[in-house]
$ cat structure-v9.txt   # compact mmCIF, C-alpha atoms
# COMPACT_ATOMS: atom_id res chain seq x y z
CA MET Q 15 209.43 345.42 11.02
CA ARG Q 16 212.33 343.79 12.86
CA SER Q 17 216.06 344.13 12.43
CA THR Q 18 218.26 341.12 12.95
CA PRO Q 19 220.98 341.49 15.57
CA ARG Q 20 223.60 340.35 13.09
CA GLY Q 21 222.66 342.88 10.44
CA LEU Q 22 224.42 345.88 11.97
CA PRO Q 23 227.84 344.21 12.43
CA ARG Q 24 227.62 342.85 8.88
CA ARG Q 25 226.92 346.33 7.53
CA ARG Q 26 229.81 347.73 9.56
CA ARG Q 27 232.15 345.10 8.18
CA GLY Q 28 230.99 345.99 4.69
CA ARG Q 29 231.67 349.70 5.27
CA LEU Q 30 235.10 348.91 6.72
CA LEU Q 31 236.03 346.75 3.74
CA LYS Q 32 234.92 349.54 1.41
CA ALA Q 33 236.98 352.05 3.40
CA VAL Q 34 240.12 349.90 3.22
CA GLY Q 35 239.53 349.41 -0.48
CA ALA Q 36 239.23 353.17 -0.92
CA VAL Q 37 242.61 353.72 0.74
CA PHE Q 38 244.41 351.31 -1.56
CA ALA Q 39 242.53 352.58 -4.60
CA ALA Q 40 243.68 356.12 -3.81
CA VAL Q 41 247.28 354.97 -3.38
CA ALA Q 42 247.13 353.13 -6.68
CA ALA Q 43 245.63 356.19 -8.37
CA LEU Q 44 248.42 358.40 -7.07
CA LEU Q 45 251.03 355.93 -8.25
CA LEU Q 46 249.65 355.08 -11.69
CA ILE Q 47 251.43 358.13 -13.07
CA ILE Q 48 254.71 356.69 -11.83
CA ALA Q 49 254.68 353.68 -14.18
CA PRO Q 50 255.85 355.66 -17.22
CA ALA Q 51 258.10 357.75 -14.98
CA SER Q 52 260.12 354.71 -13.93
CA GLN Q 53 261.08 354.26 -17.55
CA ALA Q 54 262.03 357.89 -17.99
CA THR Q 55 265.59 359.08 -17.81
CA SER Q 56 266.64 361.85 -15.46
CA PRO Q 57 269.66 364.08 -16.09
CA SER Q 58 272.76 362.25 -14.85
CA PRO Q 59 276.41 361.81 -15.74
CA THR Q 60 277.29 359.64 -18.73
CA PRO Q 61 277.36 356.07 -17.34
CA SER Q 62 280.21 353.63 -17.68
CA PRO Q 63 279.49 349.96 -18.43
CA SER Q 64 279.68 349.13 -14.72
CA ALA Q 65 277.26 351.92 -13.86
CA THR Q 66 274.41 350.04 -15.52
CA THR Q 67 275.04 346.94 -13.38
CA PHE Q 68 274.98 348.31 -9.83
CA GLN Q 69 272.55 350.55 -7.96
CA ASN Q 70 275.35 352.36 -6.08
CA SER Q 71 277.66 354.71 -7.97
CA ILE Q 72 280.52 357.18 -7.68
CA SER Q 73 280.28 360.14 -10.04
CA GLY Q 74 281.53 363.64 -10.75
CA PHE Q 75 282.13 366.38 -13.31
CA LEU Q 76 285.55 367.44 -14.60
CA ARG Q 77 285.87 371.13 -15.33
CA GLY Q 78 288.92 373.29 -15.86
CA ASP Q 79 289.61 376.63 -14.18
CA ASP Q 80 287.74 378.27 -17.09
CA ARG Q 81 284.69 376.06 -16.29
CA ALA Q 82 285.05 374.25 -19.64
CA PRO Q 83 284.31 370.48 -19.48
CA ILE Q 84 287.24 368.08 -19.69
CA ALA Q 85 286.46 364.99 -21.79
CA GLY Q 86 288.24 361.69 -22.28
CA VAL Q 87 289.85 361.46 -18.82
CA THR Q 88 290.06 358.02 -17.17
CA ILE Q 89 288.97 357.60 -13.53
CA THR Q 90 289.29 354.38 -11.54
CA ALA Q 91 287.59 353.24 -8.32
CA LYS Q 92 288.98 350.32 -6.31
CA SER Q 93 287.89 348.46 -3.19
CA GLY Q 94 289.13 344.98 -2.37
CA ASP Q 95 288.83 342.80 -5.47
CA PHE Q 96 286.59 345.28 -7.28
CA THR Q 97 287.94 347.73 -9.86
CA GLY Q 98 285.71 350.00 -11.94
CA THR Q 99 286.72 352.54 -14.57
CA ALA Q 100 285.04 355.30 -16.54
CA LYS Q 101 285.92 358.06 -18.98
CA SER Q 102 284.54 361.57 -18.71
CA GLY Q 103 282.06 362.39 -21.44
CA PRO Q 104 281.80 365.49 -23.65
CA ASN Q 105 280.12 367.36 -20.78
CA GLY Q 106 282.88 366.33 -18.35
CA ALA Q 107 280.60 363.89 -16.50
CA TRP Q 108 281.63 360.41 -15.37
CA THR Q 109 280.02 357.61 -13.35
CA ILE Q 110 281.37 354.35 -11.96
CA GLY Q 111 278.89 351.76 -10.69
CA VAL Q 112 280.02 349.97 -7.52
CA PRO Q 113 278.63 346.76 -5.97
CA THR Q 114 278.28 347.94 -2.35
CA GLN Q 115 278.50 351.10 -0.30
CA GLY Q 116 281.72 351.53 1.62
CA THR Q 117 285.17 353.09 1.24
CA TYR Q 118 286.77 353.28 -2.21
CA THR Q 119 290.06 354.56 -3.60
CA VAL Q 120 289.35 356.89 -6.52
CA GLU Q 121 292.20 357.80 -8.86
CA LEU Q 122 292.31 360.12 -11.86
CA ASP Q 123 294.78 359.05 -14.55
CA GLU Q 124 296.74 362.26 -15.06
CA SER Q 125 298.32 360.88 -18.25
CA THR Q 126 294.90 361.10 -19.93
CA LEU Q 127 294.45 364.81 -19.17
CA PRO Q 128 294.53 367.13 -22.20
CA GLU Q 129 297.76 369.04 -22.77
CA GLY Q 130 298.12 372.09 -20.57
CA ILE Q 131 295.63 370.92 -17.92
CA LYS Q 132 296.92 369.80 -14.53
CA LEU Q 133 295.39 369.00 -11.17
CA ALA Q 134 295.43 371.89 -8.72
CA GLU Q 135 298.31 372.04 -6.29
CA GLY Q 136 297.52 370.00 -3.19
CA GLN Q 137 294.72 368.03 -4.88
CA GLU Q 138 294.84 364.52 -3.40
CA ASN Q 139 295.08 361.85 -6.09
CA PRO Q 140 294.41 358.99 -5.50
CA ARG Q 141 291.97 359.66 -2.68
CA GLN Q 142 289.73 357.64 -0.40
CA VAL Q 143 285.99 358.34 -0.36
CA THR Q 144 283.21 356.84 1.76
CA PHE Q 145 279.47 356.56 1.11
CA SER Q 146 277.23 358.40 3.55
CA GLN Q 147 273.38 358.29 3.49
CA THR Q 148 273.29 358.01 -0.28
CA SER Q 149 273.53 355.54 -3.13
CA ASN Q 150 275.43 358.09 -5.25
CA LEU Q 151 278.73 359.58 -4.07
CA SER Q 152 280.03 362.74 -5.75
CA VAL Q 153 283.78 363.31 -6.13
CA ILE Q 154 285.21 366.63 -7.31
CA PHE Q 155 288.71 367.16 -8.72
CA ALA Q 156 290.06 370.72 -8.89
CA PHE Q 157 292.16 371.90 -11.85
CA GLY Q 158 294.11 375.03 -12.71
CA LYS Q 159 297.38 376.86 -12.14
CA GLY Q 160 297.56 379.04 -9.09
CA ILE Q 161 294.76 377.06 -7.39
CA VAL Q 162 295.82 375.42 -4.15
CA VAL Q 163 293.57 372.81 -2.55
CA GLN Q 164 293.88 373.05 1.21
CA GLN Q 165 293.03 370.08 3.37
CA GLN Q 166 290.23 370.73 5.84
CA ASP Q 167 291.36 371.04 9.42
CA PHE Q 168 289.36 369.59 12.30
CA GLY Q 169 287.70 372.90 13.20
CA GLN Q 170 286.47 373.59 9.69
CA ASN Q 171 285.24 370.02 9.28
CA LEU Q 172 283.40 370.33 12.60
CA ILE Q 173 281.66 373.55 11.49
CA ASN Q 174 280.65 372.02 8.15
CA ARG Q 175 279.23 368.93 9.86
CA LEU Q 176 277.30 371.13 12.30
CA VAL Q 177 275.69 373.01 9.41
CA ALA Q 178 274.96 369.76 7.55
CA GLY Q 179 273.50 368.30 10.75
CA LEU Q 180 271.27 371.34 11.22
CA SER Q 181 270.02 370.98 7.63
CA PHE Q 182 269.41 367.26 8.13
CA GLY Q 183 267.73 367.83 11.49
CA LEU Q 184 265.34 370.43 10.07
CA LEU Q 185 264.23 368.19 7.21
CA LEU Q 186 263.70 365.41 9.77
CA ALA Q 187 261.65 367.90 11.78
CA LEU Q 188 259.26 368.44 8.87
CA ALA Q 189 258.29 364.78 8.99
CA SER Q 190 258.54 364.56 12.79
CA VAL Q 191 256.20 367.51 13.39
CA GLY Q 192 253.52 365.90 11.23
CA LEU Q 193 253.94 362.57 13.03
CA SER Q 194 253.81 364.34 16.40
CA LEU Q 195 250.60 366.21 15.47
CA ILE Q 196 248.96 362.94 14.41
CA PHE Q 197 250.01 361.23 17.62
CA GLY Q 198 248.91 364.19 19.73
CA THR Q 199 245.39 364.33 18.25
CA THR Q 200 244.69 360.62 17.74
CA GLY Q 201 247.20 358.74 19.92
CA LEU Q 202 248.19 356.69 16.85
CA THR Q 203 251.83 355.69 16.29
CA ASN Q 204 251.77 355.67 12.49
CA PHE Q 205 254.42 353.38 10.99
CA ALA Q 206 253.20 354.30 7.50
CA HIS Q 207 254.61 357.81 7.94
CA GLY Q 208 257.83 356.75 6.20
CA GLU Q 209 255.87 355.94 3.06
CA MET Q 210 254.29 359.40 3.20
CA VAL Q 211 257.85 360.74 3.08
CA THR Q 212 258.72 358.51 0.12
CA LEU Q 213 255.58 359.50 -1.78
CA GLY Q 214 256.59 363.18 -1.91
CA ALA Q 215 259.91 362.49 -3.66
CA VAL Q 216 258.46 359.82 -5.96
CA LEU Q 217 255.65 362.12 -7.11
CA VAL Q 218 258.11 364.93 -7.91
CA PHE Q 219 260.12 362.51 -10.05
CA ALA Q 220 256.94 361.28 -11.76
CA PHE Q 221 255.56 364.74 -12.54
CA ASN Q 222 258.98 365.93 -13.71
CA ALA Q 223 259.19 362.90 -16.05
CA MET Q 224 255.88 364.11 -17.54
CA ASN Q 225 257.75 367.31 -18.53
CA LEU Q 226 255.78 369.51 -16.14
CA PRO Q 227 257.52 372.65 -14.85
CA PHE Q 228 259.65 371.86 -11.82
CA TRP Q 229 257.78 374.22 -9.49
CA LEU Q 230 254.46 372.68 -10.58
CA ALA Q 231 255.82 369.16 -9.98
CA ILE Q 232 256.73 370.12 -6.40
CA LEU Q 233 253.33 371.76 -5.81
CA LEU Q 234 251.44 368.73 -7.13
CA ALA Q 235 253.61 366.41 -5.03
CA LEU Q 236 252.74 368.37 -1.88
CA LEU Q 237 249.05 368.24 -2.79
CA GLY Q 238 249.42 364.50 -3.43
CA GLY Q 239 250.94 364.05 0.04
CA GLY Q 240 248.05 365.96 1.60
CA LEU Q 241 245.53 363.92 -0.41
CA PHE Q 242 247.13 360.69 0.78
CA GLY Q 243 246.81 361.85 4.38
CA TYR Q 244 243.16 362.78 3.81
CA VAL Q 245 242.32 359.43 2.22
CA GLN Q 246 244.09 357.53 4.99
CA ASP Q 247 242.01 359.19 7.69
CA ALA Q 248 238.69 359.22 5.83
CA GLY Q 249 238.98 355.67 4.51
CA LEU Q 250 240.77 353.84 7.32
CA TRP Q 251 241.53 355.56 10.60
CA LYS Q 252 238.21 357.33 11.18
CA PRO Q 253 236.16 354.12 10.68
CA LEU Q 254 238.52 352.29 13.03
CA ARG Q 255 238.18 355.05 15.64
CA ARG Q 256 234.39 354.88 15.42
CA ARG Q 257 234.52 351.12 15.94
CA GLY Q 258 236.48 351.70 19.12
CA THR Q 259 239.58 349.89 17.84
CA GLY Q 260 242.43 350.01 20.34
CA LEU Q 261 245.66 351.88 19.67
CA VAL Q 262 247.79 348.72 19.56
CA PRO Q 263 245.66 347.06 16.82
CA MET Q 264 245.68 350.35 14.91
CA MET Q 265 249.46 350.51 15.18
CA ILE Q 266 249.65 346.98 13.75
CA VAL Q 267 247.36 348.07 10.90
CA SER Q 268 249.73 350.97 10.21
CA ILE Q 269 252.64 348.53 9.92
CA GLY Q 270 250.69 346.49 7.37
CA LEU Q 271 249.72 349.66 5.50
CA ALA Q 272 253.39 350.74 5.41
CA LEU Q 273 254.49 347.44 3.88
CA ALA Q 274 251.65 347.46 1.34
CA VAL Q 275 252.27 351.04 0.19
CA ARG Q 276 256.05 350.54 0.09
CA TYR Q 277 255.83 347.62 -2.30
CA VAL Q 278 253.08 349.20 -4.37
CA ILE Q 279 255.50 352.08 -4.90
CA GLN Q 280 258.26 349.62 -5.78
CA PHE Q 281 255.97 347.86 -8.30
CA PHE Q 282 255.32 351.09 -10.21
CA PHE Q 283 258.55 352.98 -9.54
CA GLY Q 284 261.07 350.14 -9.60
CA GLY Q 285 264.01 349.37 -7.35
CA ALA Q 286 266.60 351.62 -8.99
CA THR Q 287 267.80 354.95 -7.61
CA GLN Q 288 266.64 357.94 -9.65
CA GLN Q 289 267.82 361.55 -9.42
CA LEU Q 290 265.67 364.67 -9.25
CA PRO Q 291 266.59 367.72 -11.37
CA PHE Q 292 269.53 369.79 -10.08
CA ALA Q 293 270.60 367.00 -7.71
CA GLN Q 294 274.28 367.43 -8.66
CA SER Q 295 275.77 370.80 -7.73
CA ALA Q 296 279.16 372.08 -6.65
CA GLU Q 297 279.55 373.27 -3.07
CA ILE Q 298 279.61 376.96 -2.29
CA VAL Q 299 281.75 378.64 0.36
CA LEU Q 300 280.17 381.04 2.84
CA GLY Q 301 282.97 382.24 5.08
CA PRO Q 302 284.28 379.22 7.01
CA VAL Q 303 281.33 377.04 5.89
CA SER Q 304 281.30 374.89 2.76
CA ILE Q 305 277.79 373.71 1.84
CA SER Q 306 275.98 372.53 -1.26
CA PRO Q 307 273.24 374.82 -2.63
CA ASN Q 308 270.68 372.03 -2.14
CA ASN Q 309 271.50 371.70 1.56
CA LEU Q 310 271.40 375.47 1.96
CA TRP Q 311 267.98 375.69 0.32
CA SER Q 312 266.81 372.74 2.42
CA LEU Q 313 267.86 374.53 5.59
CA ILE Q 314 266.12 377.76 4.60
CA ILE Q 315 262.89 376.11 3.39
CA SER Q 316 262.61 373.87 6.46
CA ALA Q 317 263.18 376.78 8.86
CA VAL Q 318 260.59 378.98 7.10
CA VAL Q 319 257.94 376.24 6.96
CA ILE Q 320 258.41 375.26 10.61
CA ALA Q 321 258.28 378.92 11.70
CA LEU Q 322 255.07 379.41 9.69
CA LEU Q 323 253.56 376.29 11.25
CA GLY Q 324 254.49 377.58 14.70
CA VAL Q 325 252.70 380.87 14.04
CA ILE Q 326 249.60 378.99 12.86
CA LEU Q 327 249.54 376.76 15.94
CA LEU Q 328 250.06 379.63 18.38
CA LYS Q 329 248.13 382.51 16.82
CA THR Q 330 245.19 381.14 14.81
CA ARG Q 331 241.86 379.63 15.89
CA LEU Q 332 242.69 376.45 13.99
CA GLY Q 333 245.99 376.15 15.82
CA LYS Q 334 244.34 376.65 19.20
CA ALA Q 335 241.67 374.07 18.30
CA THR Q 336 244.40 371.61 17.28
CA ARG Q 337 246.23 372.09 20.56
CA ALA Q 338 242.95 371.69 22.46
CA VAL Q 339 242.18 368.39 20.71
CA ALA Q 340 245.71 367.16 21.36
CA ASP Q 341 245.41 368.06 25.05
CA ASN Q 342 241.93 366.61 25.71
CA PRO Q 343 239.68 365.48 22.80
CA ALA Q 344 236.59 364.92 25.00
CA LEU Q 345 236.81 368.37 26.57
CA ALA Q 346 237.47 369.95 23.15
CA ALA Q 347 234.33 368.27 21.77
CA ALA Q 348 232.31 369.48 24.76
CA SER Q 349 233.57 373.01 24.05
CA GLY Q 350 232.07 372.93 20.56
CA ILE Q 351 235.19 371.98 18.57
CA ASP Q 352 234.61 369.60 15.65
CA VAL Q 353 237.21 367.01 16.65
CA ASP Q 354 236.88 364.94 13.47
CA SER Q 355 237.45 367.99 11.25
CA VAL Q 356 240.53 369.00 13.24
CA ILE Q 357 241.94 365.48 13.00
CA ARG Q 358 241.29 365.46 9.25
CA ILE Q 359 243.16 368.76 8.85
CA VAL Q 360 246.03 367.37 10.93
CA TRP Q 361 246.28 364.35 8.63
CA VAL Q 362 246.34 366.55 5.52
CA THR Q 363 248.96 368.83 7.09
CA GLY Q 364 251.04 365.87 8.24
CA GLY Q 365 250.92 364.39 4.74
CA MET Q 366 252.08 367.63 3.13
CA LEU Q 367 254.89 368.11 5.66
CA ALA Q 368 256.03 364.52 5.15
CA ALA Q 369 255.98 364.98 1.37
CA LEU Q 370 258.08 368.16 1.66
CA GLY Q 371 260.50 366.35 3.97
CA GLY Q 372 260.76 363.55 1.42
CA ILE Q 373 261.59 365.99 -1.40
CA LEU Q 374 264.34 367.62 0.67
CA TRP Q 375 265.61 364.19 1.76
CA ALA Q 376 265.89 363.17 -1.91
CA TYR Q 377 268.23 366.14 -2.48
CA TYR Q 378 270.16 365.58 0.75
CA ARG Q 379 270.97 361.91 -0.03
CA PRO Q 380 270.80 362.55 -3.11
CA GLY Q 381 268.47 360.12 -4.93
CA VAL Q 382 264.91 358.74 -4.95
CA THR Q 383 264.24 355.11 -3.99
CA PHE Q 384 261.08 353.19 -3.11
CA ASP Q 385 262.23 352.67 0.50
CA MET Q 386 263.86 356.02 1.23
CA GLY Q 387 261.24 356.97 3.82
CA SER Q 388 261.63 353.75 5.77
CA GLN Q 389 265.39 354.39 5.95
CA ILE Q 390 264.87 357.42 8.19
CA LEU Q 391 261.65 356.32 9.91
CA LEU Q 392 263.49 355.32 13.08
CA LEU Q 393 265.28 358.69 13.11
CA ILE Q 394 261.88 360.42 12.81
CA PHE Q 395 260.58 358.38 15.74
CA ALA Q 396 263.79 359.16 17.62
CA GLY Q 397 263.25 362.89 17.15
CA VAL Q 398 259.61 362.71 18.27
CA THR Q 399 260.39 360.51 21.28
CA LEU Q 400 263.46 362.46 22.32
CA GLY Q 401 261.61 365.78 22.21
CA GLY Q 402 258.46 364.48 23.89
CA LEU Q 403 255.56 362.53 22.38
CA GLY Q 404 252.76 364.74 21.08
CA THR Q 405 254.60 368.06 21.39
CA VAL Q 406 255.39 369.97 18.20
CA TRP Q 407 258.29 371.95 19.64
CA GLY Q 408 259.63 368.79 21.23
CA ALA Q 409 259.65 367.09 17.83
CA LEU Q 410 261.53 370.07 16.38
CA ILE Q 411 264.18 370.13 19.11
CA GLY Q 412 264.53 366.35 19.18
CA SER Q 413 264.96 366.16 15.39
CA ILE Q 414 267.63 368.86 15.36
CA ILE Q 415 269.54 367.04 18.11
CA VAL Q 416 269.30 363.76 16.18
CA GLY Q 417 270.38 365.40 12.91
CA ILE Q 418 273.39 367.14 14.42
CA PHE Q 419 274.45 364.07 16.38
CA VAL Q 420 274.24 361.89 13.24
CA GLU Q 421 276.57 364.21 11.33
CA LEU Q 422 279.01 364.85 14.17
CA THR Q 423 279.67 361.17 14.82
CA THR Q 424 281.67 360.89 11.59
CA VAL Q 425 283.91 363.77 12.69
CA PHE Q 426 284.95 361.81 15.76
CA GLY Q 427 285.80 358.65 13.85
CA LEU Q 428 282.56 356.64 13.90
CA ALA Q 429 282.04 354.69 10.67
CA ALA Q 430 279.46 356.27 8.35
CA ASP Q 431 277.42 353.06 8.36
CA LEU Q 432 277.03 353.27 12.16
CA LYS Q 433 276.04 356.89 12.66
CA TYR Q 434 272.30 356.11 12.68
CA VAL Q 435 272.98 353.59 15.44
CA GLY Q 436 274.67 356.34 17.43
CA ALA Q 437 271.58 358.57 17.17
CA LEU Q 438 269.32 355.80 18.44
CA PHE Q 439 271.76 355.05 21.26
CA ILE Q 440 271.72 358.64 22.49
CA MET Q 441 267.90 358.56 22.41
CA ILE Q 442 267.91 355.51 24.66
CA ILE Q 443 270.30 357.19 27.11
CA VAL Q 444 268.20 360.36 27.30
CA LEU Q 445 264.97 358.43 27.81
CA LEU Q 446 266.53 356.43 30.63
CA ILE Q 447 267.21 359.75 32.38
CA ARG Q 448 264.03 361.56 31.31
CA PRO Q 449 261.37 359.09 30.05
CA GLN Q 450 258.89 361.78 29.00
CA GLY Q 451 261.39 363.39 26.63
CA ILE Q 452 262.87 366.87 26.69
CA LEU Q 453 259.60 368.83 26.52
CA GLY Q 454 257.16 366.06 27.43
CA ARG Q 455 255.01 366.19 30.53
CA ARG Q 456 255.55 363.76 33.39
CA GLU Q 457 252.50 361.48 33.69
CA ARG Q 458 251.49 358.87 36.23
CA VAL Q 459 250.91 355.41 34.77
CA GLY Q 460 248.72 352.89 36.67
$ encode --input "structure-v9.txt" --output "structure tokens"
Amino acid sequence: MRSTPRGLPRRRRGRLLKAVGAVFAAVAALLLIIAPASQATSPSPTPSPSATTFQNSISGFLRGDDRAPIAGVTITAKSGDFTGTAKSGPNGAWTIGVPTQGTYTVELDESTLPEGIKLAEGQENPRQVTFSQTSNLSVIFAFGKGIVVQQQDFGQNLINRLVAGLSFGLLLALASVGLSLIFGTTGLTNFAHGEMVTLGAVLVFAFNAMNLPFWLAILLALLGGGLFGYVQDAGLWKPLRRRGTGLVPMMIVSIGLALAVRYVIQFFFGGATQQLPFAQSAEIVLGPVSISPNNLWSLIISAVVIALLGVILLKTRLGKATRAVADNPALAAASGIDVDSVIRIVWVTGGMLAALGGILWAYYRPGVTFDMGSQILLLIFAGVTLGGLGTVWGALIGSIIVGIFVELTTVFGLAADLKYVGALFIMIIVLLIRPQGILGRRERVG
């Protein structure tokens, strides 16, 4: 009985095609539940006619000093030749759709206020507002006698931006740590990691639209992110590793996978910006710091999860095995460590961390879009590269530096649209001085 020399490659090609098909089938299965969700409505302010035309919007809630909603008040937003108006609804909510992100002059028509209600002393009206990392900009007007609105001084604004930057940096770190673990154990630069971030937020919106409890929607979204990571490795990356595919071709495959998944999500989810529950909330004051509850919770959750991950990596057998595989896969295999199982666990963990980062990013922006992960993918890479490729603590430190720098640039006059460019510029400067990153090891090449 003879075997033809061409039979084995043909069978391998067949297995690879089946594996790729399994990846896309799993993605489609995860996203099928999103089709009805894209038609669902999420809680949001009462829209004005212009709000239904544009994807970007300026919104807010009008409440008196007794917290009662103020209805029937006219608000106008202007920028160049554009003028949009809206009236506050029975719940005090208003929304004005705007054509592009940028700086707008927002004015409340005080003649439309109910009798006896006045803007608080010192409340700026009209006022200029600028979009920043979001397609929805919230504007708050303060009302009531005896209430004095004080303008933020430079010091207070600096402290608030530092706290916001720390919150943003920690949510970036959730995604960066997963990407760093994947790179450390496989050497793969995964450009589809941004879509793993997007999937977490999209799944929460989908499960919430199915009227599931909010906590259950988040739990299922995290499990969905982990499942996507598992399917990616089992169906695509492991077969490619066994075929001896080089890292550069695998990186190109990851770019193709990112584009495919991104537009599959867009097909089911749509191109509009959707809001998760509790996305709109008034800021709270903690001493000299003013922060939204969502950003505060994001900071706490990110810090706790990263600390827990650090304990696992440093104190458990699984963590030690992961670090051994990242350091030297061949030696780890010779020591009796199941390298494939460790890599599979890393992919699942990376998927769950990316999904959690995507959920927190949806509240930080706020809003869920089909390309939200790709919008911060370069910042995730910047954090990983700045801290040191393949090092978990380097990814954490690098992400925090990137997050804080992004927020602080606006304090010193840089336009909001350019602050991401500033973060990438500082990464380039640091790498020119220290190519291996902050915590990376110096290696000889060639």
$ atom_distance --input "structure-v9.txt" --atom1 "CA of Gly106 (chain Q)" --atom2 "CA of Glu121 (chain Q)"
15.8 Å
$ residues_around --input "structure-v9.txt" --residues "Phe96 (chain Q)" --least-positions-apart "3" --cutoff "12 Å" --atoms "all atoms listed in the file" --output "VMD selection string"
chain Q and resid 64 90 to 93 99 110 to 114 116 to 120
$ write_last_selection --input "structure-v9.txt" --atoms "C-alpha atoms" --output "mmCIF file, in the coordinates of the input"
data_model
loop_
_atom_site.group_PDB
_atom_site.id
_atom_site.type_symbol
_atom_site.label_atom_id
_atom_site.label_comp_id
_atom_site.auth_asym_id
_atom_site.auth_seq_id
_atom_site.Cartn_x
_atom_site.Cartn_y
_atom_site.Cartn_z
ATOM 1 C CA SER Q 64 279.680 349.130 -14.720
ATOM 2 C CA THR Q 90 289.290 354.380 -11.540
ATOM 3 C CA ALA Q 91 287.590 353.240 -8.320
ATOM 4 C CA LYS Q 92 288.980 350.320 -6.310
ATOM 5 C CA SER Q 93 287.890 348.460 -3.190
ATOM 6 C CA THR Q 99 286.720 352.540 -14.570
ATOM 7 C CA ILE Q 110 281.370 354.350 -11.960
ATOM 8 C CA GLY Q 111 278.890 351.760 -10.690
ATOM 9 C CA VAL Q 112 280.020 349.970 -7.520
ATOM 10 C CA PRO Q 113 278.630 346.760 -5.970
ATOM 11 C CA THR Q 114 278.280 347.940 -2.350
ATOM 12 C CA GLY Q 116 281.720 351.530 1.620
ATOM 13 C CA THR Q 117 285.170 353.090 1.240
ATOM 14 C CA TYR Q 118 286.770 353.280 -2.210
ATOM 15 C CA THR Q 119 290.060 354.560 -3.600
ATOM 16 C CA VAL Q 120 289.350 356.890 -6.520
#
$ residues_around --input "structure-v9.txt" --residues "Phe426 (chain Q)" --least-positions-apart "4" --cutoff "12 Å" --atoms "only C-alpha atoms" --output "JSON, numbers by chain"
{"Q": [168, 169, 171, 172, 175, 419, 420, 421, 422, 430, 433, 436]}
$ closest_residue --input "structure-v9.txt" --among "Q:Gly201, Q:Gly365, Q:Gly372, Q:Gly98" --to "Val262 (chain Q)" --atoms "all atoms listed in the file"
Q:Gly201
$ residues_around --input "structure-v9.txt" --residues "Thr405 (chain Q)" --least-positions-apart "2" --cutoff "9 Å" --atoms "only C-alpha atoms" --output "list in words"
Val191, Ser194, Leu195, Gly198, Ala340, Val398, Gly401, Gly402, Leu403, Trp407, Gly408, Ala409, Leu410, Leu453 and Gly454 of chain Q
$ closest_residue --input "structure-v9.txt" --among "Q:Ala235, Q:Ala396, Q:Ile373, Q:Ile411" --to "Phe439 (chain Q)" --atoms "only C-alpha atoms"
Q:Ala396
$ residues_near_point --input "structure-v9.txt" --point "(253.4, 368.5, -11.4)" --cutoff "12 Å" --atoms "all atoms listed in the file" --output "short mmCIF file (atom, residue, chain, number, x, y, z; two decimals) with C-alpha atoms, in the frame of the given file"
data_model
loop_
_atom_site.label_atom_id
_atom_site.label_comp_id
_atom_site.auth_asym_id
_atom_site.auth_seq_id
_atom_site.Cartn_x
_atom_site.Cartn_y
_atom_site.Cartn_z
CA ILE Q 47 251.43 358.13 -13.07
CA ILE Q 48 254.71 356.69 -11.83
CA GLY Q 214 256.59 363.18 -1.91
CA ALA Q 215 259.91 362.49 -3.66
CA VAL Q 216 258.46 359.82 -5.96
CA LEU Q 217 255.65 362.12 -7.11
CA VAL Q 218 258.11 364.93 -7.91
CA PHE Q 219 260.12 362.51 -10.05
CA ALA Q 220 256.94 361.28 -11.76
CA PHE Q 221 255.56 364.74 -12.54
CA ASN Q 222 258.98 365.93 -13.71
CA ALA Q 223 259.19 362.90 -16.05
CA MET Q 224 255.88 364.11 -17.54
CA ASN Q 225 257.75 367.31 -18.53
CA LEU Q 226 255.78 369.51 -16.14
CA PRO Q 227 257.52 372.65 -14.85
CA PHE Q 228 259.65 371.86 -11.82
CA TRP Q 229 257.78 374.22 -9.49
CA LEU Q 230 254.46 372.68 -10.58
CA ALA Q 231 255.82 369.16 -9.98
CA ILE Q 232 256.73 370.12 -6.40
CA LEU Q 233 253.33 371.76 -5.81
CA LEU Q 234 251.44 368.73 -7.13
CA ALA Q 235 253.61 366.41 -5.03
CA LEU Q 236 252.74 368.37 -1.88
CA LEU Q 237 249.05 368.24 -2.79
CA GLY Q 238 249.42 364.50 -3.43
#
$ closest_atom_pairs --input "structure-v9.txt" --of "region 170-204 of chain Q" --to "region 243-246 of chain Q" --cutoff "12 Å" --atoms "all atoms listed in the file" --output "JSON lines"
{"residue": "Q:Gly192", "atom": "CA", "partner": "Q:Gly243", "partner_atom": "CA", "distance": 10.4}
{"residue": "Q:Leu193", "atom": "CA", "partner": "Q:Gly243", "partner_atom": "CA", "distance": 11.2}
{"residue": "Q:Ile196", "atom": "CA", "partner": "Q:Gly243", "partner_atom": "CA", "distance": 10.3}
{"residue": "Q:Asn204", "atom": "CA", "partner": "Q:Gln246", "partner_atom": "CA", "distance": 10.9}
$ atom_distance --input "structure-v9.txt" --atom1 "CA of Gly387 (chain Q)" --atom2 "CA of Gly324 (chain Q)"
24.3 Å
$ closest_residue --input "structure-v9.txt" --among "Q:Ile298, Q:Leu328, Q:Ala100, Q:Ile131" --to "Val406 (chain Q)" --atoms "only C-alpha atoms"
Q:Leu328
$ atom_distance --input "structure-v9.txt" --atom1 "CA of Pro449 (chain Q)" --atom2 "CA of Ser190 (chain Q)"
18.3 Å
$ closest_residue --input "structure-v9.txt" --among "Q:Thr424, Q:Gln450, Q:Gln115, Q:Asn308" --to "Pro380 (chain Q)" --atoms "all atoms listed in the file"
Q:Asn308
$ closest_residue --input "structure-v9.txt" --among "Q:Ala335, Q:Leu367, Q:Ala206, Q:Ile418" --to "Ser355 (chain Q)" --atoms "all atoms listed in the file"
Q:Ala335
